[in-house]
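Following: one structure in structure tokens, then a few remarks.
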Amino acid sequence: MFARPKVGQSAQQEFYKGQAEDHFQVLSLHATVNVPYSSSKQAMLTKEWTPLEPGTIDHKLYLRGIGTVLEQTVKGGAERAALISVTRSR
């Protein structure tokens, strides 16, 4: 992930030919997210895809200092994963 992301930026996340060819693009820096762990109007929203699964698009929402709080397939499936809790070490 970029240190200072900007809307429209995109990059390849990982590459292992035929196994992991994921890409992402920043769609918003002020998205609203509501999950059991937290609610915010300052989430970063990304679109993620891979040429290994044509027609499938995921949206992920991230909160600064926490990471991914929601991931859901918006085209080509019905997967959803939401953050419900965080345990911090002392």
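By order in the structure tokens, chains are A, B, ...; within a chain, residues start at 1; ligands start at 1, following the order shown.
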Next item on the list: Find the residues around Val74 in chain A up to 8 Å (only C-alpha atoms counted), leave out those fewer than 5 positions away in its own chain, and share them as number ranges by chain.
Entry: A: 56-59
Checklist line | Arg64 in chain A environment, 12 Å, only C-alpha atoms, sequence neighbours closer than 6 positions dropped, as a list in words | finding: Met1, Ala3, Arg4, Pro5, Leu29, His30, Ser38, Ser40, Lys41, Gln42, Ala43, Met44 and Leu45 of chain A
How would the residues just chosen look if you wrote them out with all heavy atoms as an mmCIF file, in the first residue's frame?
data_model
loop_
_atom_site.group_PDB
_atom_site.id
_atom_site.type_symbol
_atom_site.label_atom_id
_atom_site.label_comp_id
_atom_site.auth_asym_id
_atom_site.auth_seq_id
_atom_site.Cartn_x
_atom_site.Cartn_y
_atom_site.Cartn_z
ATOM 1 N N MET A 1 0.840 -1.177 0.000
ATOM 2 C CA MET A 1 0.000 0.000 0.000
ATOM 3 C C MET A 1 0.887 1.243 0.000
ATOM 4 O O MET A 1 1.954 1.253 0.607
ATOM 5 C CB MET A 1 -0.914 -0.014 1.223
ATOM 6 C CG MET A 1 -1.896 1.119 1.279
ATOM 7 S SD MET A 1 -2.931 1.342 -0.191
ATOM 8 C CE MET A 1 -3.865 -0.160 -0.217
ATOM 9 N N ALA A 3 2.223 4.922 1.003
ATOM 10 C CA ALA A 3 2.298 5.651 2.266
ATOM 11 C C ALA A 3 1.287 6.795 2.290
ATOM 12 O O ALA A 3 0.692 7.082 3.319
ATOM 13 C CB ALA A 3 3.708 6.188 2.485
ATOM 14 N N ARG A 4 1.117 7.458 1.154
ATOM 15 C CA ARG A 4 0.153 8.555 1.020
ATOM 16 C C ARG A 4 -0.715 8.290 -0.209
ATOM 17 O O ARG A 4 -0.473 8.862 -1.272
ATOM 18 C CB ARG A 4 0.885 9.886 0.901
ATOM 19 C CG ARG A 4 1.569 10.286 2.181
ATOM 20 C CD ARG A 4 2.296 11.616 2.049
ATOM 21 N NE ARG A 4 2.901 11.994 3.305
ATOM 22 C CZ ARG A 4 4.092 11.570 3.716
ATOM 23 N NH1 ARG A 4 4.799 10.762 2.979
ATOM 24 N NH2 ARG A 4 4.575 11.968 4.882
ATOM 25 N N PRO A 5 -1.700 7.417 -0.066
ATOM 26 C CA PRO A 5 -2.509 7.035 -1.228
ATOM 27 C C PRO A 5 -3.318 8.207 -1.782
ATOM 28 O O PRO A 5 -3.708 9.115 -1.046
ATOM 29 C CB PRO A 5 -3.434 5.942 -0.681
ATOM 30 C CG PRO A 5 -3.459 6.161 0.791
ATOM 31 C CD PRO A 5 -2.152 6.773 1.159
ATOM 32 N N LEU A 29 -10.879 7.998 -0.457
ATOM 33 C CA LEU A 29 -10.176 8.124 0.819
ATOM 34 C C LEU A 29 -11.128 8.521 1.943
ATOM 35 O O LEU A 29 -10.720 8.661 3.096
ATOM 36 C CB LEU A 29 -9.057 9.167 0.706
ATOM 37 C CG LEU A 29 -7.978 8.845 -0.325
ATOM 38 C CD1 LEU A 29 -6.995 10.000 -0.441
ATOM 39 C CD2 LEU A 29 -7.259 7.552 0.028
ATOM 40 N N HIS A 30 -12.398 8.703 1.601
ATOM 41 C CA HIS A 30 -13.402 9.148 2.571
ATOM 42 C C HIS A 30 -14.674 8.308 2.466
ATOM 43 O O HIS A 30 -15.782 8.835 2.502
ATOM 44 C CB HIS A 30 -13.728 10.626 2.365
ATOM 45 C CG HIS A 30 -12.514 11.499 2.448
ATOM 46 N ND1 HIS A 30 -11.896 11.788 3.641
ATOM 47 C CD2 HIS A 30 -11.782 12.109 1.498
ATOM 48 C CE1 HIS A 30 -10.841 12.546 3.414
ATOM 49 N NE2 HIS A 30 -10.749 12.755 2.118
ATOM 50 N N SER A 38 -16.017 -1.299 14.077
ATOM 51 C CA SER A 38 -15.911 0.156 14.000
ATOM 52 C C SER A 38 -16.799 0.721 12.897
ATOM 53 O O SER A 38 -17.188 0.015 11.981
ATOM 54 C CB SER A 38 -14.457 0.533 13.714
ATOM 55 O OG SER A 38 -14.291 1.927 13.676
ATOM 56 N N SER A 40 -16.838 4.380 10.387
ATOM 57 C CA SER A 40 -16.035 5.540 10.032
ATOM 58 C C SER A 40 -16.491 6.104 8.691
ATOM 59 O O SER A 40 -17.025 5.382 7.856
ATOM 60 C CB SER A 40 -14.560 5.143 9.931
ATOM 61 O OG SER A 40 -13.781 6.248 9.500
ATOM 62 N N LYS A 41 -16.258 7.394 8.519
ATOM 63 C CA LYS A 41 -16.479 8.056 7.231
ATOM 64 C C LYS A 41 -15.136 8.398 6.586
ATOM 65 O O LYS A 41 -15.079 9.163 5.642
ATOM 66 C CB LYS A 41 -17.316 9.315 7.416
ATOM 67 C CG LYS A 41 -18.730 9.025 7.870
ATOM 68 C CD LYS A 41 -19.537 10.283 8.023
ATOM 69 C CE LYS A 41 -20.941 9.928 8.481
ATOM 70 N NZ LYS A 41 -21.770 11.113 8.675
ATOM 71 N N GLN A 42 -14.053 7.829 7.127
ATOM 72 C CA GLN A 42 -12.704 8.122 6.648
ATOM 73 C C GLN A 42 -11.975 6.861 6.186
ATOM 74 O O GLN A 42 -10.749 6.776 6.266
ATOM 75 C CB GLN A 42 -11.898 8.804 7.756
ATOM 76 C CG GLN A 42 -12.470 10.129 8.204
ATOM 77 C CD GLN A 42 -12.454 11.163 7.084
ATOM 78 O OE1 GLN A 42 -11.480 11.331 6.387
ATOM 79 N NE2 GLN A 42 -13.575 11.838 6.898
ATOM 80 N N ALA A 43 -12.714 5.883 5.681
ATOM 81 C CA ALA A 43 -12.092 4.644 5.220
ATOM 82 C C ALA A 43 -11.549 4.822 3.805
ATOM 83 O O ALA A 43 -12.076 5.601 3.014
ATOM 84 C CB ALA A 43 -13.105 3.506 5.246
ATOM 85 N N MET A 44 -10.498 4.090 3.510
ATOM 86 C CA MET A 44 -9.991 4.044 2.141
ATOM 87 C C MET A 44 -10.659 2.859 1.445
ATOM 88 O O MET A 44 -10.648 1.732 1.968
ATOM 89 C CB MET A 44 -8.478 3.858 2.102
ATOM 90 C CG MET A 44 -7.962 3.805 0.673
ATOM 91 S SD MET A 44 -6.164 3.724 0.551
ATOM 92 C CE MET A 44 -5.849 2.158 1.322
ATOM 93 N N LEU A 45 -11.241 3.124 0.292
ATOM 94 C CA LEU A 45 -11.924 2.106 -0.499
ATOM 95 C C LEU A 45 -11.069 1.763 -1.706
ATOM 96 O O LEU A 45 -10.628 2.661 -2.432
ATOM 97 C CB LEU A 45 -13.287 2.627 -0.958
ATOM 98 C CG LEU A 45 -14.038 1.787 -1.986
ATOM 99 C CD1 LEU A 45 -14.416 0.420 -1.428
ATOM 100 C CD2 LEU A 45 -15.275 2.542 -2.461
#
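Compared by their closest atoms to Gln25 in chain A, and using only C-alpha atoms, the residues A:Leu83, A:Glu53, A:Tyr37, A:Lys60 rank with A:Lys60 nearest.
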Item checked: Surrounding residues of range 9-24 of chain A excluding itself and chain neighbours under 2 positions, 8 Å, only C-alpha atoms, as a list in words -> Pro5, Lys6, Val7, Val26, Thr46, Lys47, Glu48, Trp49, Thr50, Pro51 and Leu52 of chain A
Next item on the list: Using DSSP on the backbone coordinates, identify all residues within chain A classified as strand (DSSP E); present the result as a PyMOL selection string.
Entry: chain A and resi 10-12+23-34+39-49+57-63+67-75+80-82
Check: What's the 9 Å shell around Ala82 in chain A, counting only C-alpha atoms, without same-chain residues fewer than 3 positions away, as a PyMOL selection string?
Finding: chain A and resi 35-37+68-72
Go ahead and write the residues just picked, C-alpha atoms, as a PDB file, in the first residue's frame.
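Generated output (result10.pdb):
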ATOM      1  CA  VAL A  35     -18.647  -3.226  10.649  1.00  0.00           C
ATOM      2  CA  PRO A  36     -19.041  -4.761  14.119  1.00  0.00           C
ATOM      3  CA  TYR A  37     -15.593  -3.463  15.147  1.00  0.00           C
ATOM      4  CA  THR A  68      -8.623  -4.109   6.341  1.00  0.00           C
ATOM      5  CA  VAL A  69     -12.007  -3.886   8.075  1.00  0.00           C
ATOM      6  CA  LEU A  70     -14.296  -5.040   5.253  1.00  0.00           C
ATOM      7  CA  GLU A  71     -13.810  -7.065   2.086  1.00  0.00           C
ATOM      8  CA  GLN A  72     -16.650  -7.991  -0.226  1.00  0.00           C
TER       9      GLN A  72
END
